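Structure data (compact mmCIF, C-alpha atoms) from final_0.txt:
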```txt
# COMPACT_ATOMS: atom_id res chain seq x y z
CA MET M 1 0.00 0.00 0.00
CA ALA M 2 1.34 3.39 -0.88
CA ALA M 3 0.67 7.09 -0.99
CA THR M 4 2.28 9.22 -3.64
CA THR M 5 2.16 12.91 -4.42
CA HIS M 6 2.35 14.01 -8.02
CA LYS M 7 3.00 17.37 -9.53
CA VAL M 8 0.71 18.57 -12.40
CA ALA M 9 -23.25 5.23 19.10
CA SER M 10 -25.85 7.29 17.73
CA GLN M 11 -28.85 5.34 16.47
CA ALA M 12 -29.09 5.52 12.69
CA PRO M 13 -32.60 5.93 11.24
CA THR M 14 -34.22 2.84 9.79
CA GLN M 15 -36.64 4.18 7.14
CA LYS M 16 -35.47 4.94 3.60
CA ASP M 17 -36.24 8.25 1.91
CA MET M 18 -36.64 8.70 -1.87
CA SER M 19 -38.18 12.19 -1.79
CA HIS M 20 -34.81 13.93 -2.26
CA LEU M 21 -34.02 12.13 -5.53
CA GLU M 22 -33.33 14.58 -8.38
CA LEU M 23 -31.83 12.62 -11.29
CA THR M 24 -31.05 9.02 -12.18
CA LEU M 25 -28.32 8.93 -14.84
CA GLU M 26 -28.06 5.79 -16.96
CA GLY M 27 -25.24 4.87 -19.32
CA HIS M 28 -22.52 3.00 -17.50
CA GLU M 29 -22.44 -0.73 -18.19
CA LYS M 30 -21.12 -1.81 -14.78
CA SER M 31 -20.96 -0.54 -11.20
CA VAL M 32 -20.11 3.14 -10.71
CA TYR M 33 -17.35 3.46 -8.13
CA ASP M 34 -16.74 7.19 -7.90
CA VAL M 35 -18.20 10.60 -8.74
CA ALA M 36 -16.92 14.19 -8.75
CA PHE M 37 -18.52 17.56 -9.45
CA ILE M 38 -16.49 19.82 -11.75
CA ARG M 39 -16.21 23.12 -9.95
CA GLY M 40 -17.69 26.15 -11.65
CA THR M 41 -19.95 24.05 -13.87
CA ARG M 42 -23.11 21.98 -13.78
CA LEU M 43 -21.14 18.92 -14.85
CA LEU M 44 -20.50 15.66 -13.05
CA VAL M 45 -17.79 13.13 -13.93
CA THR M 46 -18.10 9.46 -12.99
CA GLY M 47 -15.85 6.41 -13.07
CA SER M 48 -16.97 2.81 -13.49
CA VAL M 49 -15.91 -0.81 -13.50
CA ASP M 50 -16.73 -0.67 -17.23
CA LYS M 51 -13.30 1.06 -17.63
CA SER M 52 -14.81 4.39 -18.67
CA LEU M 53 -15.34 7.88 -17.34
CA ARG M 54 -18.46 9.76 -18.34
CA VAL M 55 -19.47 13.40 -18.07
CA TRP M 56 -23.06 14.39 -17.28
CA ASP M 57 -24.93 17.67 -17.71
CA LEU M 58 -27.02 18.15 -14.57
CA ASP M 59 -29.30 20.68 -16.27
CA THR M 60 -30.41 18.22 -18.95
CA GLY M 61 -29.72 14.92 -17.20
CA LYS M 62 -27.86 13.78 -20.33
CA GLN M 63 -24.40 12.41 -20.95
CA VAL M 64 -22.00 14.91 -22.55
CA GLY M 65 -20.18 13.40 -25.53
CA GLU M 66 -18.82 9.88 -25.73
CA PRO M 67 -17.43 7.82 -22.83
CA LEU M 68 -13.84 8.74 -21.94
CA LEU M 69 -11.61 5.74 -22.57
CA GLY M 70 -7.97 5.08 -21.73
CA HIS M 71 -8.03 2.81 -18.71
CA ASP M 72 -7.64 -0.90 -19.37
CA ALA M 73 -9.07 -1.80 -15.95
CA ALA M 74 -11.92 -0.62 -13.73
CA VAL M 75 -11.95 3.10 -12.93
CA LEU M 76 -12.04 3.10 -9.13
CA ARG M 77 -11.40 6.75 -8.26
CA VAL M 78 -11.96 10.17 -9.84
CA ALA M 79 -11.03 13.56 -8.42
CA ALA M 80 -11.67 17.08 -9.72
CA SER M 81 -9.24 19.92 -9.06
CA PRO M 82 -10.45 22.87 -6.95
CA ASN M 83 -9.96 25.25 -9.90
CA GLY M 84 -12.17 23.10 -12.14
CA CYS M 85 -9.46 22.58 -14.76
CA TRP M 86 -8.32 18.99 -14.18
CA ILE M 87 -9.65 15.50 -13.53
CA VAL M 88 -7.51 12.63 -12.29
CA SER M 89 -8.70 9.03 -12.51
CA GLY M 90 -7.24 5.93 -10.87
CA GLY M 91 -7.59 2.43 -12.23
CA GLY M 92 -7.72 -1.11 -10.95
CA ASN M 93 -4.29 -1.93 -12.39
CA GLY M 94 -2.43 0.96 -10.76
CA SER M 95 -2.72 3.37 -13.69
CA ILE M 96 -3.45 7.07 -13.19
CA LEU M 97 -4.66 9.29 -16.03
CA VAL M 98 -5.05 13.07 -16.18
CA TRP M 99 -7.84 14.83 -18.09
CA GLU M 100 -8.11 18.52 -18.91
CA VAL M 101 -11.43 20.33 -18.73
CA ALA M 102 -11.83 22.39 -21.91
CA THR M 103 -12.26 26.15 -21.69
CA ASN M 104 -15.89 25.76 -22.75
CA LYS M 105 -16.37 23.74 -19.53
CA ARG M 106 -18.18 21.09 -21.59
CA ASP M 107 -15.52 18.65 -22.74
CA LEU M 108 -12.69 16.65 -21.23
CA LYS M 109 -9.59 15.61 -23.13
CA ARG M 110 -6.88 13.26 -21.99
CA VAL M 111 -3.53 14.87 -21.26
CA PRO M 112 -0.66 12.94 -22.93
CA VAL M 113 0.80 11.84 -19.61
CA SER M 114 0.05 8.95 -17.31
CA PHE M 115 1.46 7.68 -14.03
CA GLU M 116 2.33 4.01 -13.79
CA GLY M 117 4.39 3.71 -10.62
CA HIS M 118 1.71 1.92 -8.59
CA LYS M 119 1.39 -1.84 -9.02
CA GLY M 120 -2.00 -2.34 -7.37
CA ASP M 121 -5.51 -0.91 -7.38
CA ILE M 122 -5.75 2.86 -6.93
CA TRP M 123 -8.15 3.41 -4.03
CA GLY M 124 -7.48 7.06 -3.37
CA VAL M 125 -6.79 10.20 -5.43
CA VAL M 126 -7.12 13.72 -4.07
CA PHE M 127 -6.05 17.17 -5.24
CA ALA M 128 -4.18 19.64 -3.07
CA PRO M 129 -5.82 23.06 -2.68
CA ASP M 130 -3.36 24.56 -5.21
CA SER M 131 -4.82 22.32 -7.98
CA GLU M 132 -1.24 21.60 -9.14
CA THR M 133 -0.50 18.61 -6.94
CA PHE M 134 -2.43 15.45 -6.27
CA ALA M 135 -1.83 12.42 -4.09
CA SER M 136 -2.69 8.79 -4.77
CA ALA M 137 -3.11 5.72 -2.58
CA SER M 138 -2.75 2.06 -3.51
CA TRP M 139 -2.61 -1.37 -1.99
CA ASP M 140 0.76 -2.10 -3.61
CA GLU M 141 2.99 -1.33 -0.61
CA THR M 142 5.29 0.81 -2.75
CA SER M 143 5.69 4.52 -3.31
CA TRP M 144 7.20 6.44 -6.17
CA ASP M 145 9.31 8.52 -3.83
CA HIS M 146 10.30 5.41 -1.82
CA SER M 147 9.06 6.94 1.42
CA GLU M 148 7.04 3.80 2.27
CA TRP M 149 3.91 5.67 3.26
CA ALA M 150 1.80 2.63 4.12
CA VAL M 151 -1.66 3.69 2.98
CA TRP M 152 -4.82 1.67 2.71
CA GLN M 153 -7.65 3.36 0.83
CA THR M 154 -7.97 7.00 1.70
CA LEU M 155 -6.25 10.39 1.56
CA SER M 156 -7.17 13.95 2.48
CA TYR M 157 -5.31 17.27 2.27
CA SER M 158 -5.80 19.87 4.95
CA PRO M 159 -7.51 23.05 3.64
CA ASP M 160 -4.19 24.94 3.59
CA GLY M 161 -2.44 22.07 1.79
CA LYS M 162 0.26 21.80 4.44
CA LYS M 163 -0.83 18.39 5.72
CA LEU M 164 -1.83 15.08 4.14
CA ALA M 165 -3.80 12.50 6.11
CA ALA M 166 -4.01 8.84 5.14
CA GLY M 167 -5.82 5.84 6.53
CA THR M 168 -4.06 2.50 7.00
CA GLN M 169 -4.99 -0.87 8.48
CA GLN M 170 -3.81 0.25 11.91
CA HIS M 171 -3.48 4.03 11.87
CA ILE M 172 -4.37 7.43 10.55
CA ILE M 173 -1.09 9.11 9.62
CA ILE M 174 -0.62 12.83 9.00
CA TRP M 175 2.44 14.17 7.16
CA ASN M 176 3.94 17.55 6.44
CA THR M 177 3.46 17.83 2.66
CA LYS M 178 6.58 19.96 2.18
CA THR M 179 9.08 17.87 4.13
CA GLY M 180 7.40 14.45 4.25
CA GLU M 181 7.81 14.45 8.03
CA GLU M 182 5.29 12.37 9.96
CA LEU M 183 3.42 14.77 12.22
CA LEU M 184 0.91 12.49 13.90
CA LYS M 185 -0.02 8.83 14.05
CA ILE M 186 -3.50 8.11 15.42
CA GLU M 187 -4.21 4.61 16.66
CA GLN M 188 -7.31 4.18 14.52
CA ARG M 189 -7.90 1.97 11.52
CA ALA M 190 -9.57 4.04 8.79
CA TRP M 191 -11.38 3.02 5.64
CA ARG M 192 -12.03 6.69 4.87
CA VAL M 193 -10.69 9.92 6.33
CA ALA M 194 -11.32 13.61 5.57
CA PHE M 195 -10.31 16.96 7.06
CA THR M 196 -13.16 19.30 7.95
CA PRO M 197 -13.10 22.59 5.96
CA ASP M 198 -11.64 24.47 8.95
CA GLY M 199 -8.84 21.91 9.25
CA LEU M 200 -9.48 21.36 12.95
CA ARG M 201 -11.05 17.91 12.85
CA LEU M 202 -10.84 14.62 11.00
CA VAL M 203 -13.86 12.52 10.12
CA SER M 204 -12.97 8.88 9.58
CA GLY M 205 -14.67 5.54 9.39
CA ASP M 206 -14.01 1.84 9.73
CA TYR M 207 -16.76 -0.59 8.70
CA THR M 208 -19.91 0.67 10.50
CA ASP M 209 -18.00 2.94 12.88
CA ILE M 210 -17.58 6.73 12.43
CA ARG M 211 -15.13 8.83 14.44
CA ILE M 212 -14.61 12.59 14.68
CA SER M 213 -11.11 13.36 15.97
CA ASP M 214 -9.05 16.41 16.85
CA ALA M 215 -6.70 16.89 13.86
CA ALA M 216 -3.89 18.23 16.08
CA THR M 217 -3.91 15.64 18.85
CA GLY M 218 -5.82 12.68 17.45
CA ASP M 219 -8.16 12.64 20.45
CA ILE M 220 -11.59 11.22 19.64
CA ILE M 221 -14.32 13.83 20.00
CA LYS M 222 -17.22 11.56 19.04
CA GLN M 223 -17.62 7.96 17.97
CA PHE M 224 -20.80 6.22 16.80
CA GLU M 225 -22.22 3.66 14.39
CA ALA M 226 -23.43 5.10 11.09
CA HIS M 227 -24.42 1.94 9.23
CA THR M 228 -25.62 -0.94 11.33
CA ASP M 229 -26.38 -3.51 8.63
CA ASP M 230 -23.18 -3.54 6.58
CA SER M 231 -19.86 -1.72 6.20
CA PHE M 232 -19.80 1.80 4.83
CA HIS M 233 -17.90 2.66 1.65
CA SER M 234 -17.42 6.44 1.33
CA LEU M 235 -17.77 9.68 3.23
CA ALA M 236 -17.82 13.30 2.14
CA ILE M 237 -18.01 16.54 4.11
CA ALA M 238 -20.18 19.41 2.86
CA PRO M 239 -18.07 22.40 1.75
CA LYS M 240 -19.64 24.60 4.44
CA GLY M 241 -18.57 22.08 7.08
CA THR M 242 -22.00 21.76 8.67
CA LYS M 243 -22.63 18.10 7.85
CA PHE M 244 -21.21 14.98 6.28
CA ALA M 245 -22.62 12.03 4.40
CA THR M 246 -21.73 8.35 4.17
CA THR M 247 -22.57 5.54 1.74
CA SER M 248 -22.71 1.85 2.40
CA TYR M 249 -23.24 -1.62 1.04
CA ASP M 250 -26.44 -1.56 3.13
CA LYS M 251 -28.08 0.33 0.19
CA THR M 252 -28.26 3.72 1.92
CA THR M 253 -26.71 7.17 2.07
CA ARG M 254 -26.90 8.81 5.50
CA PHE M 255 -26.34 12.40 6.66
CA PHE M 256 -24.99 13.61 10.00
CA ASP M 257 -24.81 17.03 11.64
CA LEU M 258 -21.17 17.98 12.39
CA THR M 259 -22.25 20.07 15.39
CA THR M 260 -24.62 17.70 17.16
CA PHE M 261 -23.42 14.48 15.43
CA LYS M 262 -27.06 13.45 15.11
CA PRO M 263 -28.54 11.86 11.95
CA ILE M 264 -30.20 14.28 9.55
CA GLY M 265 -33.49 12.98 8.21
CA GLU M 266 -34.00 9.44 6.97
CA PRO M 267 -31.44 7.48 4.93
CA LEU M 268 -31.62 7.78 1.16
CA GLY M 269 -32.61 4.40 -0.23
CA TYR M 270 -31.23 2.40 -3.17
CA PRO M 271 -31.93 -0.96 -4.80
CA ASP M 272 -28.28 -2.01 -4.37
CA GLY M 273 -25.04 -1.02 -2.64
CA VAL M 274 -23.76 2.56 -2.85
CA TYR M 275 -20.14 3.45 -3.61
CA GLY M 276 -18.89 6.93 -4.55
CA LEU M 277 -20.20 10.16 -3.01
CA ALA M 278 -19.64 13.89 -3.56
CA PHE M 279 -21.18 17.21 -2.53
CA SER M 280 -21.72 20.04 -5.00
CA GLU M 281 -19.81 23.25 -4.27
CA ASP M 282 -23.03 25.06 -3.24
CA ASN M 283 -23.87 22.32 -0.68
CA GLN M 284 -27.28 21.78 -2.32
CA LEU M 285 -26.72 18.44 -4.07
CA ILE M 286 -24.95 15.17 -3.60
CA ALA M 287 -24.14 12.63 -6.30
CA THR M 288 -23.75 8.92 -5.68
CA GLY M 289 -22.36 6.06 -7.75
CA CYS M 290 -24.10 2.74 -7.36
CA ALA M 291 -23.67 -0.99 -7.83
CA ASP M 292 -26.74 -1.04 -10.11
CA LYS M 293 -24.73 0.89 -12.80
CA HIS M 294 -26.64 4.13 -12.17
CA VAL M 295 -25.58 7.56 -10.96
CA ARG M 296 -28.02 9.50 -8.81
CA THR M 297 -28.23 13.09 -7.65
CA TRP M 298 -30.16 14.15 -4.56
CA THR M 299 -31.05 17.38 -2.81
CA VAL M 300 -29.26 17.61 0.52
CA PRO M 301 -31.60 17.61 3.53
CA LEU M 302 -31.41 20.43 6.06
CA SER M 303 -30.27 19.76 9.61
CA ASP M 304 -32.42 20.86 12.55
CA SER M 305 -30.13 23.85 13.17
CA GLU M 306 -30.36 24.86 9.50
CA LYS M 307 -34.15 24.59 9.61
CA GLU M 308 -34.27 26.77 12.73
CA LEU M 309 -32.02 29.36 11.07
CA GLN M 310 -34.17 29.30 7.94
CA GLN M 311 -37.37 29.78 9.96
CA SER M 312 -35.77 32.60 11.97
CA THR M 313 -34.63 34.34 8.79
CA GLN M 314 -38.10 34.04 7.26
CA LYS M 315 -39.69 35.52 10.39
CA THR M 316 -37.22 38.40 10.37
CA LEU M 317 -37.87 39.14 6.72
CA LYS M 318 -41.62 38.97 7.26
CA HIS M 319 -41.41 41.30 10.25
CA THR M 320 -39.20 43.73 8.33
CA ALA M 321 -41.60 43.78 5.39
CA SER M 322 -44.74 44.28 7.50
CA PRO M 323 -44.48 48.08 8.12
CA LYS M 324 -43.88 48.73 4.45
CA THR M 325 -46.88 46.60 3.57
CA ARG M 326 -49.08 48.52 5.99
CA SER M 327 -47.90 51.90 4.76
CA ASN M 328 -48.70 50.96 1.18
CA THR M 329 -52.28 50.19 2.12
CA ASP M 330 -52.86 53.41 4.09
```
Turn the structure described in the file into structure tokens.
Amino acid sequence: MAATTHKVASQAPTQKDMSHLELTLEGHEKSVYDVAFIRGTRLLVTGSVDKSLRVWDLDTGKQVGEPLLGHDAAVLRVAASPNGCWIVSGGGNGSILVWEVATNKRDLKRVPVSFEGHKGDIWGVVFAPDSETFASASWDETSWDHSEWAVWQTLSYSPDGKKLAAGTQQHIIIWNTKTGEELLKIEQRAWRVAFTPDGLRLVSGDYTDIRISDAATGDIIKQFEAHTDDSFHSLAIAPKGTKFATTSYDKTTRFFDLTTFKPIGEPLGYPDGVYGLAFSEDNQLIATGCADKHVRTWTVPLSDSEKELQQSTQKTLKHTASPKTRSNTD
């Protein structure tokens, strides 16, 4: 297993909710393992076991152009750069391809460069905030820079790009991205790990278990079960940092409040297991990749605190408008 940087007990709800479903996108021929929104657009890119990437227009619900080919194995991971200019995809044979988003923000073209240092499945790719560097994780127990960063399936940059966190079979490890120095080793096995947008906490998971930890000390702030029926697959934190979502082989996506750590609404239901997960940049949508070959987009449910704020704002606006309304009728 390797990481490489490259330059270029809360009770989960039991009912399933379909009311938030926006689009069901059909086209992939096998399971869809990962999804990514292209920043600054209404486009979504997806990667599948059918060895292709596809781009979708969320305004029309249609596929944009032909499938993007180049991988000769399953596409397991896709990542979009923060500046919306690049896509990186990782394959089941260790290959990594780079795609450029055209200036019209409609098309992707493969850049004539690929990375072939990994020998095993690519289970993690993530861009640094500068959009010029990305990191990859594999099961191959090697690393292109020979640093032996033993990574399992997950990577996350801190918001300032100065730290890189990775999950292994025994630990969460955080490095200094400039020097490669190991800054912290947390005694937690992690299937997925992500920095919160403020960089102060880490959200990680192992099978059904979710943990929120202090990113500086590794101390666990909260620990609970998210998926009780089967192991979870992915997690993503909303850009505003108010909530996070998880997907699982138990055929659900679940949301949790990052302040109260309580579930938000009912789980989103599926006919089969759920793999990839991503939030849109405006926090309004999530996209999920599924074992049934489909991609789905959903509106993101509001937490109780967000509902209270919304109601308070509406009351304030109504109260502010009332005198003007009365004066117009006098």
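Distances to M:Ala128 were evaluated for M:Asp72, M:Arg110, M:Gly94, M:Ala79 using all atoms listed in the file, and the minimum falls at M:Ala79.
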- Top pick for closest residue to M:Asp272, considering M:Val45, M:Ala291, M:Leu202, M:Val32 and counting all atoms listed in the file: M:Ala291
- Note on the structure: From the list M:Val300, M:Leu69, M:Ile221, M:Ala245, the nearest residue to M:Gly276 using only C-alpha atoms is M:Ala245
- Query: So how many Å separate atom CA of M:Asn93 and atom CA of M:Leu25, to one decimal?
  - Reply: 26.5 Å
- Query: So, counting all atoms listed in the file, which residue among M:Ile186, M:Leu235, M:Leu68, M:Ala194 is closest to M:Ser158?
  - Reply: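 Of M:Ile186, M:Leu235, M:Leu68, M:Ala194, the one nearest M:Ser158 is M:Ala194, counting all atoms listed in the file.
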- Message: What's around stretch 165-180 of chain M at 6 Å? Count only C-alpha atoms, leave out sequence neighbours fewer than 4 positions away in its own chain, and write the answer as a PyMOL selection string.
- Response: chain M and resi 151-152+154-156+184-190
